[in-house]
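Trainee: One file: start.csv (CSV, N, CA and C atoms).
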```csv
chain,number,residue,atom,x,y,z
A,1,MET,N,0.8,-1.2,0.0
A,1,MET,CA,0.0,0.0,0.0
A,1,MET,C,0.9,1.2,0.0
A,2,VAL,N,0.6,2.2,-0.9
A,2,VAL,CA,1.3,3.4,-1.0
A,2,VAL,C,0.5,4.5,-0.5
A,3,ARG,N,1.0,5.3,0.4
A,3,ARG,CA,0.3,6.4,1.0
A,3,ARG,C,1.2,7.7,1.0
A,4,ASN,N,0.7,8.8,0.5
A,4,ASN,CA,1.5,10.0,0.5
A,4,ASN,C,1.3,10.7,1.9
A,5,THR,N,2.5,11.1,2.4
A,5,THR,CA,2.5,11.8,3.7
A,5,THR,C,3.4,13.0,3.5
A,6,GLU,N,3.0,14.1,4.2
A,6,GLU,CA,3.9,15.2,4.2
A,6,GLU,C,3.9,15.8,5.6
A,7,HIS,N,5.0,15.8,6.3
A,7,HIS,CA,5.1,16.3,7.6
A,7,HIS,C,5.4,17.8,7.5
A,8,ALA,N,4.9,18.6,8.5
A,8,ALA,CA,5.2,20.0,8.5
A,8,ALA,C,6.7,20.3,8.8
A,9,TYR,N,7.4,19.3,9.4
A,9,TYR,CA,8.8,19.5,9.8
A,9,TYR,C,9.8,18.8,8.9
A,10,GLY,N,9.4,18.2,7.9
A,10,GLY,CA,10.4,17.5,7.0
A,10,GLY,C,10.0,17.5,5.6
A,11,PRO,N,10.9,16.8,4.8
A,11,PRO,CA,10.7,16.7,3.4
A,11,PRO,C,9.5,15.8,3.0
A,12,PRO,N,8.9,15.9,1.8
A,12,PRO,CA,7.8,15.1,1.5
A,12,PRO,C,8.3,13.6,1.3
A,13,THR,N,7.4,12.7,1.8
A,13,THR,CA,7.8,11.3,1.8
A,13,THR,C,6.6,10.5,1.2
A,14,VAL,N,6.9,9.3,0.8
A,14,VAL,CA,5.9,8.3,0.4
A,14,VAL,C,6.1,7.1,1.3
A,15,THR,N,5.0,6.5,1.8
A,15,THR,CA,5.1,5.3,2.6
A,15,THR,C,4.9,4.1,1.7
A,16,VAL,N,5.9,3.3,1.7
A,16,VAL,CA,5.9,2.1,0.9
A,16,VAL,C,6.2,0.9,1.8
A,17,LYS,N,5.3,0.0,1.9
A,17,LYS,CA,5.4,-1.2,2.8
A,17,LYS,C,5.8,-0.8,4.2
A,18,GLY,N,5.2,0.2,4.7
A,18,GLY,CA,5.4,0.6,6.1
A,18,GLY,C,6.7,1.5,6.3
A,19,ARG,N,7.4,1.8,5.3
A,19,ARG,CA,8.6,2.6,5.4
A,19,ARG,C,8.4,3.9,4.7
A,20,ASN,N,8.9,5.0,5.3
A,20,ASN,CA,8.8,6.3,4.7
A,20,ASN,C,10.0,6.5,3.8
A,21,VAL,N,9.8,6.8,2.5
A,21,VAL,CA,10.8,7.0,1.5
A,21,VAL,C,10.7,8.4,1.0
A,22,ARG,N,11.8,9.2,1.0
A,22,ARG,CA,11.8,10.5,0.5
A,22,ARG,C,11.6,10.5,-1.0
A,23,LEU,N,10.8,11.5,-1.5
A,23,LEU,CA,10.6,11.6,-2.9
A,23,LEU,C,11.9,11.9,-3.7
A,24,ARG,N,12.9,12.6,-3.0
A,24,ARG,CA,14.2,12.8,-3.6
A,24,ARG,C,14.9,11.5,-3.9
A,25,THR,N,14.8,10.6,-2.9
A,25,THR,CA,15.4,9.3,-3.1
A,25,THR,C,14.8,8.5,-4.2
A,26,ILE,N,13.5,8.5,-4.4
A,26,ILE,CA,12.9,7.8,-5.5
A,26,ILE,C,13.3,8.4,-6.8
A,27,GLY,N,13.4,9.8,-6.9
A,27,GLY,CA,13.9,10.4,-8.1
A,27,GLY,C,15.3,10.1,-8.4
A,28,PHE,N,16.2,10.0,-7.4
A,28,PHE,CA,17.6,9.7,-7.6
A,28,PHE,C,17.7,8.2,-8.1
A,29,LEU,N,16.9,7.3,-7.5
A,29,LEU,CA,17.0,5.9,-8.0
A,29,LEU,C,16.5,5.8,-9.4
A,30,LEU,N,15.4,6.5,-9.8
A,30,LEU,CA,14.9,6.5,-11.1
A,30,LEU,C,16.0,7.0,-12.1
A,31,LEU,N,16.6,8.1,-11.8
A,31,LEU,CA,17.6,8.7,-12.7
A,31,LEU,C,18.8,7.8,-12.8
A,32,ALA,N,19.2,7.2,-11.7
A,32,ALA,CA,20.4,6.3,-11.7
A,32,ALA,C,20.1,5.0,-12.5
A,33,GLY,N,18.9,4.5,-12.5
A,33,GLY,CA,18.5,3.4,-13.3
A,33,GLY,C,18.5,3.7,-14.8
A,34,LEU,N,18.0,4.9,-15.1
A,34,LEU,CA,18.0,5.3,-16.5
A,34,LEU,C,19.5,5.5,-17.0
A,35,ALA,N,20.3,6.1,-16.1
A,35,ALA,CA,21.7,6.2,-16.5
A,35,ALA,C,22.4,4.9,-16.8
A,36,VAL,N,22.2,3.9,-15.9
A,36,VAL,CA,22.8,2.6,-16.1
A,36,VAL,C,22.2,2.0,-17.4
A,37,TRP,N,20.9,2.1,-17.6
A,37,TRP,CA,20.4,1.5,-18.9
A,37,TRP,C,21.0,2.2,-20.1
A,38,PHE,N,21.1,3.5,-20.1
A,38,PHE,CA,21.7,4.3,-21.2
A,38,PHE,C,23.2,3.8,-21.4
A,39,ILE,N,23.9,3.7,-20.4
A,39,ILE,CA,25.3,3.3,-20.5
A,39,ILE,C,25.4,1.9,-21.0
A,40,ALA,N,24.6,1.0,-20.6
A,40,ALA,CA,24.6,-0.4,-21.0
A,40,ALA,C,24.2,-0.5,-22.5
A,41,ALA,N,23.3,0.4,-23.0
A,41,ALA,CA,22.9,0.3,-24.4
A,41,ALA,C,23.9,0.8,-25.4
A,42,ASN,N,24.9,1.5,-24.9
A,42,ASN,CA,25.9,2.1,-25.8
A,42,ASN,C,27.2,1.4,-25.6
A,43,THR,N,27.5,0.4,-26.4
A,43,THR,CA,28.7,-0.4,-26.2
A,43,THR,C,29.8,-0.3,-27.3
A,44,GLU,N,29.5,0.5,-28.4
A,44,GLU,CA,30.4,0.5,-29.5
A,44,GLU,C,31.6,1.4,-29.1
A,45,SER,N,32.7,1.3,-29.8
A,45,SER,CA,33.9,2.0,-29.6
A,45,SER,C,33.9,3.4,-30.2
A,46,VAL,N,34.4,4.4,-29.6
A,46,VAL,CA,34.5,5.8,-30.1
A,46,VAL,C,35.9,6.3,-30.0
A,47,SER,N,36.2,7.3,-30.8
A,47,SER,CA,37.5,8.0,-30.7
A,47,SER,C,37.2,9.3,-30.0
A,48,ILE,N,38.0,9.6,-29.0
A,48,ILE,CA,37.9,10.8,-28.3
A,48,ILE,C,39.2,11.6,-28.4
A,49,ARG,N,39.1,12.8,-28.9
A,49,ARG,CA,40.2,13.7,-29.1
A,49,ARG,C,40.5,14.5,-27.9
A,50,LEU,N,41.6,14.2,-27.3
A,50,LEU,CA,42.1,15.0,-26.1
A,50,LEU,C,42.9,16.2,-26.6
A,51,TRP,N,43.5,16.9,-25.8
A,51,TRP,CA,44.2,18.1,-26.2
A,51,TRP,C,45.4,17.7,-27.1
A,52,VAL,N,46.0,16.6,-26.8
A,52,VAL,CA,47.2,16.3,-27.6
A,52,VAL,C,47.0,15.0,-28.4
A,53,SER,N,46.4,14.1,-27.9
A,53,SER,CA,46.3,12.8,-28.5
A,53,SER,C,44.8,12.4,-28.7
A,54,THR,N,44.6,11.3,-29.5
A,54,THR,CA,43.3,10.7,-29.7
A,54,THR,C,43.3,9.3,-29.1
A,55,VAL,N,42.2,9.0,-28.3
A,55,VAL,CA,42.1,7.7,-27.6
A,55,VAL,C,40.8,7.0,-28.1
A,56,THR,N,40.9,5.7,-28.3
A,56,THR,CA,39.7,4.9,-28.7
A,56,THR,C,39.3,4.1,-27.6
A,57,LEU,N,38.1,4.3,-27.1
A,57,LEU,CA,37.6,3.5,-25.9
A,57,LEU,C,36.1,3.1,-26.2
A,58,PRO,N,35.6,2.1,-25.5
A,58,PRO,CA,34.2,1.8,-25.6
A,58,PRO,C,33.4,3.0,-25.0
A,59,LEU,N,32.3,3.2,-25.7
A,59,LEU,CA,31.5,4.4,-25.2
A,59,LEU,C,30.9,4.2,-23.8
A,60,TRP,N,30.6,3.0,-23.4
A,60,TRP,CA,30.2,2.8,-22.0
A,60,TRP,C,31.2,3.2,-21.0
A,61,CYS,N,32.5,3.0,-21.3
A,61,CYS,CA,33.5,3.4,-20.4
A,61,CYS,C,33.6,5.0,-20.3
A,62,VAL,N,33.4,5.6,-21.4
A,62,VAL,CA,33.4,7.1,-21.4
A,62,VAL,C,32.2,7.6,-20.7
A,63,LEU,N,31.1,7.1,-20.9
A,63,LEU,CA,29.9,7.5,-20.2
A,63,LEU,C,29.9,7.3,-18.7
A,64,THR,N,30.5,6.1,-18.3
A,64,THR,CA,30.7,5.8,-16.9
A,64,THR,C,31.6,6.8,-16.2
A,65,VAL,N,32.7,7.1,-16.8
A,65,VAL,CA,33.6,8.1,-16.2
A,65,VAL,C,33.0,9.5,-16.2
A,66,THR,N,32.2,9.9,-17.2
A,66,THR,CA,31.5,11.2,-17.2
A,66,THR,C,30.5,11.2,-16.1
A,67,LEU,N,29.8,10.1,-15.9
A,67,LEU,CA,28.8,10.1,-14.8
A,67,LEU,C,29.4,10.2,-13.5
A,68,LEU,N,30.5,9.5,-13.2
A,68,LEU,CA,31.2,9.6,-11.9
A,68,LEU,C,31.8,11.0,-11.7
A,69,VAL,N,32.4,11.6,-12.7
A,69,VAL,CA,32.9,12.9,-12.5
A,69,VAL,C,31.8,13.9,-12.2
A,70,GLY,N,30.7,13.8,-12.9
A,70,GLY,CA,29.5,14.6,-12.7
A,70,GLY,C,29.0,14.5,-11.3
A,71,MET,N,28.9,13.2,-10.8
A,71,MET,CA,28.4,13.0,-9.4
A,71,MET,C,29.4,13.6,-8.4
A,72,LEU,N,30.7,13.5,-8.6
A,72,LEU,CA,31.7,14.0,-7.7
A,72,LEU,C,31.6,15.6,-7.7
A,73,LEU,N,31.5,16.2,-8.9
A,73,LEU,CA,31.4,17.6,-8.9
A,73,LEU,C,30.1,18.1,-8.2
A,74,GLY,N,29.0,17.4,-8.5
A,74,GLY,CA,27.7,17.8,-7.8
A,74,GLY,C,27.8,17.7,-6.3
A,75,ARG,N,28.5,16.6,-5.8
A,75,ARG,CA,28.7,16.5,-4.4
A,75,ARG,C,29.5,17.6,-3.8
A,76,LEU,N,30.6,18.0,-4.5
A,76,LEU,CA,31.4,19.1,-4.0
A,76,LEU,C,30.7,20.4,-4.0
A,77,VAL,N,29.9,20.7,-5.0
A,77,VAL,CA,29.1,21.9,-5.0
A,77,VAL,C,28.1,21.9,-3.9
A,78,ALA,N,27.4,20.8,-3.7
A,78,ALA,CA,26.4,20.7,-2.6
A,78,ALA,C,27.0,20.9,-1.3
A,79,ARG,N,28.2,20.3,-1.1
A,79,ARG,CA,28.9,20.4,0.2
A,79,ARG,C,29.3,21.9,0.4
A,80,ARG,N,29.8,22.5,-0.6
A,80,ARG,CA,30.2,23.9,-0.5
A,80,ARG,C,29.0,24.8,-0.2
A,81,ARG,N,27.9,24.6,-0.8
A,81,ARG,CA,26.6,25.3,-0.6
A,81,ARG,C,26.1,25.2,0.8
A,82,ASN,N,26.3,24.0,1.4
A,82,ASN,CA,25.8,23.7,2.8
A,82,ASN,C,26.7,24.4,3.8
A,83,ARG,N,27.9,24.7,3.5
A,83,ARG,CA,28.8,25.4,4.4
A,83,ARG,C,28.5,26.8,4.6
A,84,ARG,N,27.9,27.4,3.5
A,84,ARG,CA,27.6,28.9,3.6
A,84,ARG,C,26.4,29.2,4.5
```
Do you think you could lay out the structure here as structure tokens?
Mentor:
Amino acid sequence: MVRNTEHAYGPPTVTVKGRNVRLRTIGFLLLAGLAVWFIAANTESVSIRLWVSTVTLPLWCVLTVTLLVGMLLGRLVARRRNRR
């Protein structure tokens, strides 16, 4: 049974099987699943031109590195914003 609850003191949550789950967590899991699916669907090799050289790698490897760097940068920006 799914029941929407919103407390005046906290973020909006959805109750799933007796557990409160934040909507932000559900959104994150959905986007993470889509990212994994997109990475898995792109397996061909691509040439990437760096400043000096050209590298040929599988596209899934490039997408995974890009995703991880983006997550790291997002975490750093969020941490810096919380300190202010």
Trainee: At a cut-off of 7 Å, using all atoms listed in the file, what residues contact Leu59 in chain A? Leave out same-chain residues fewer than 5 positions from it and give the result as a VMD selection string.
Mentor: chain A and resid 39 42 to 46 64
Trainee: Among chain A, which residues does DSSP mark as strand (DSSP E or B) when it is run on the backbone? Keep the chain and numbering as in the structure and answer as a list in words.
Mentor: Val2, Arg3, Asn4, Thr5, Thr13, Val14, Thr15, Val16, Arg19, Asn20, Val21, Arg22, Ser45, Val46, Ser47, Ile48, Arg49, Thr54, Val55, Thr56, Leu57 and Pro58 of chain A
Trainee: Could you work out how far CA of Trp60 in chain A lies from CA of Ala40 in chain A, giving the answer in Å with one decimal?
Mentor: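 Interatomic distance here is 6.5 Å.
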Trainee: Rounded to one decimal place, report the atom C of Arg24 in chain A-atom N of Pro12 in chain A distance in Å.
Mentor: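 A separation of 9.4 Å between them.
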Trainee: So which residues touch Thr25 in chain A within 12 Å, counting only C-alpha atoms, skipping near sequence neighbours fewer than 4 positions away, as a VMD selection string?
Mentor: chain A and resid 11 to 14 20 to 21 29 to 32
Trainee: How many Å separate atom N of Leu63 in chain A from atom C of Phe38 in chain A?
Mentor: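 We find that atom N of Leu63 in chain A and atom C of Phe38 in chain A lie 8.6 Å from each other.
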Trainee: Please identify which residues in chain A DSSP calls alpha helix (DSSP H) from the backbone, and express them as a PyMOL selection string.
Mentor: chain A and resi 23-41+59-83
Trainee: Could you tell me, as a list in words, which residues have any atom at most 8 Å from (36.1, 9.9, -28.2), counting only C-alpha atoms?
Mentor: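 Those residues lying close to the given coordinates are Val46, Ser47, Ile48, Arg49, Thr54, Val55, Thr56, Leu57, Leu59 and Val62 of chain A.
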Trainee: Would you fill the gaps in range 40-57 of chain A so it has N, CA, C and O atoms, then print it as a PDB file, keeping the file's coordinate frame?
Mentor:
```
ATOM      1  N   ALA A  40      24.600   1.000 -20.600  1.00  0.00           N
ATOM      2  CA  ALA A  40      24.600  -0.400 -21.000  1.00  0.00           C
ATOM      3  C   ALA A  40      24.200  -0.500 -22.500  1.00  0.00           C
ATOM      4  O   ALA A  40      24.587  -1.458 -23.213  1.00  0.00           O
ATOM      5  N   ALA A  41      23.300   0.400 -23.000  1.00  0.00           N
ATOM      6  CA  ALA A  41      22.900   0.300 -24.400  1.00  0.00           C
ATOM      7  C   ALA A  41      23.900   0.800 -25.400  1.00  0.00           C
ATOM      8  O   ALA A  41      23.754   0.593 -26.567  1.00  0.00           O
ATOM      9  N   ASN A  42      24.900   1.500 -24.900  1.00  0.00           N
ATOM     10  CA  ASN A  42      25.900   2.100 -25.800  1.00  0.00           C
ATOM     11  C   ASN A  42      27.200   1.400 -25.600  1.00  0.00           C
ATOM     12  O   ASN A  42      28.017   1.786 -24.709  1.00  0.00           O
ATOM     13  N   THR A  43      27.500   0.400 -26.400  1.00  0.00           N
ATOM     14  CA  THR A  43      28.700  -0.400 -26.200  1.00  0.00           C
ATOM     15  C   THR A  43      29.800  -0.300 -27.300  1.00  0.00           C
ATOM     16  O   THR A  43      30.844  -0.804 -27.199  1.00  0.00           O
ATOM     17  N   GLU A  44      29.500   0.500 -28.400  1.00  0.00           N
ATOM     18  CA  GLU A  44      30.400   0.500 -29.500  1.00  0.00           C
ATOM     19  C   GLU A  44      31.600   1.400 -29.100  1.00  0.00           C
ATOM     20  O   GLU A  44      31.584   2.168 -28.149  1.00  0.00           O
ATOM     21  N   SER A  45      32.700   1.300 -29.800  1.00  0.00           N
ATOM     22  CA  SER A  45      33.900   2.000 -29.600  1.00  0.00           C
ATOM     23  C   SER A  45      33.900   3.400 -30.200  1.00  0.00           C
ATOM     24  O   SER A  45      33.277   3.547 -31.313  1.00  0.00           O
ATOM     25  N   VAL A  46      34.400   4.400 -29.600  1.00  0.00           N
ATOM     26  CA  VAL A  46      34.500   5.800 -30.100  1.00  0.00           C
ATOM     27  C   VAL A  46      35.900   6.300 -30.000  1.00  0.00           C
ATOM     28  O   VAL A  46      36.626   5.901 -29.094  1.00  0.00           O
ATOM     29  N   SER A  47      36.200   7.300 -30.800  1.00  0.00           N
ATOM     30  CA  SER A  47      37.500   8.000 -30.700  1.00  0.00           C
ATOM     31  C   SER A  47      37.200   9.300 -30.000  1.00  0.00           C
ATOM     32  O   SER A  47      36.325  10.047 -30.385  1.00  0.00           O
ATOM     33  N   ILE A  48      38.000   9.600 -29.000  1.00  0.00           N
ATOM     34  CA  ILE A  48      37.900  10.800 -28.300  1.00  0.00           C
ATOM     35  C   ILE A  48      39.200  11.600 -28.400  1.00  0.00           C
ATOM     36  O   ILE A  48      40.305  11.077 -28.208  1.00  0.00           O
ATOM     37  N   ARG A  49      39.100  12.800 -28.900  1.00  0.00           N
ATOM     38  CA  ARG A  49      40.200  13.700 -29.100  1.00  0.00           C
ATOM     39  C   ARG A  49      40.500  14.500 -27.900  1.00  0.00           C
ATOM     40  O   ARG A  49      39.684  15.303 -27.457  1.00  0.00           O
ATOM     41  N   LEU A  50      41.600  14.200 -27.300  1.00  0.00           N
ATOM     42  CA  LEU A  50      42.100  15.000 -26.100  1.00  0.00           C
ATOM     43  C   LEU A  50      42.900  16.200 -26.600  1.00  0.00           C
ATOM     44  O   LEU A  50      43.027  16.361 -27.835  1.00  0.00           O
ATOM     45  N   TRP A  51      43.500  16.900 -25.800  1.00  0.00           N
ATOM     46  CA  TRP A  51      44.200  18.100 -26.200  1.00  0.00           C
ATOM     47  C   TRP A  51      45.400  17.700 -27.100  1.00  0.00           C
ATOM     48  O   TRP A  51      45.634  18.402 -28.110  1.00  0.00           O
ATOM     49  N   VAL A  52      46.000  16.600 -26.800  1.00  0.00           N
ATOM     50  CA  VAL A  52      47.200  16.300 -27.600  1.00  0.00           C
ATOM     51  C   VAL A  52      47.000  15.000 -28.400  1.00  0.00           C
ATOM     52  O   VAL A  52      47.443  14.959 -29.565  1.00  0.00           O
ATOM     53  N   SER A  53      46.400  14.100 -27.900  1.00  0.00           N
ATOM     54  CA  SER A  53      46.300  12.800 -28.500  1.00  0.00           C
ATOM     55  C   SER A  53      44.800  12.400 -28.700  1.00  0.00           C
ATOM     56  O   SER A  53      43.882  13.002 -28.227  1.00  0.00           O
ATOM     57  N   THR A  54      44.600  11.300 -29.500  1.00  0.00           N
ATOM     58  CA  THR A  54      43.300  10.700 -29.700  1.00  0.00           C
ATOM     59  C   THR A  54      43.300   9.300 -29.100  1.00  0.00           C
ATOM     60  O   THR A  54      44.194   8.516 -29.230  1.00  0.00           O
ATOM     61  N   VAL A  55      42.200   9.000 -28.300  1.00  0.00           N
ATOM     62  CA  VAL A  55      42.100   7.700 -27.600  1.00  0.00           C
ATOM     63  C   VAL A  55      40.800   7.000 -28.100  1.00  0.00           C
ATOM     64  O   VAL A  55      39.779   7.668 -28.351  1.00  0.00           O
ATOM     65  N   THR A  56      40.900   5.700 -28.300  1.00  0.00           N
ATOM     66  CA  THR A  56      39.700   4.900 -28.700  1.00  0.00           C
ATOM     67  C   THR A  56      39.300   4.100 -27.600  1.00  0.00           C
ATOM     68  O   THR A  56      40.123   3.265 -27.064  1.00  0.00           O
ATOM     69  N   LEU A  57      38.100   4.300 -27.100  1.00  0.00           N
ATOM     70  CA  LEU A  57      37.600   3.500 -25.900  1.00  0.00           C
ATOM     71  C   LEU A  57      36.100   3.100 -26.200  1.00  0.00           C
ATOM     72  O   LEU A  57      35.450   3.708 -27.050  1.00  0.00           O
TER      73      LEU A  57
END
```
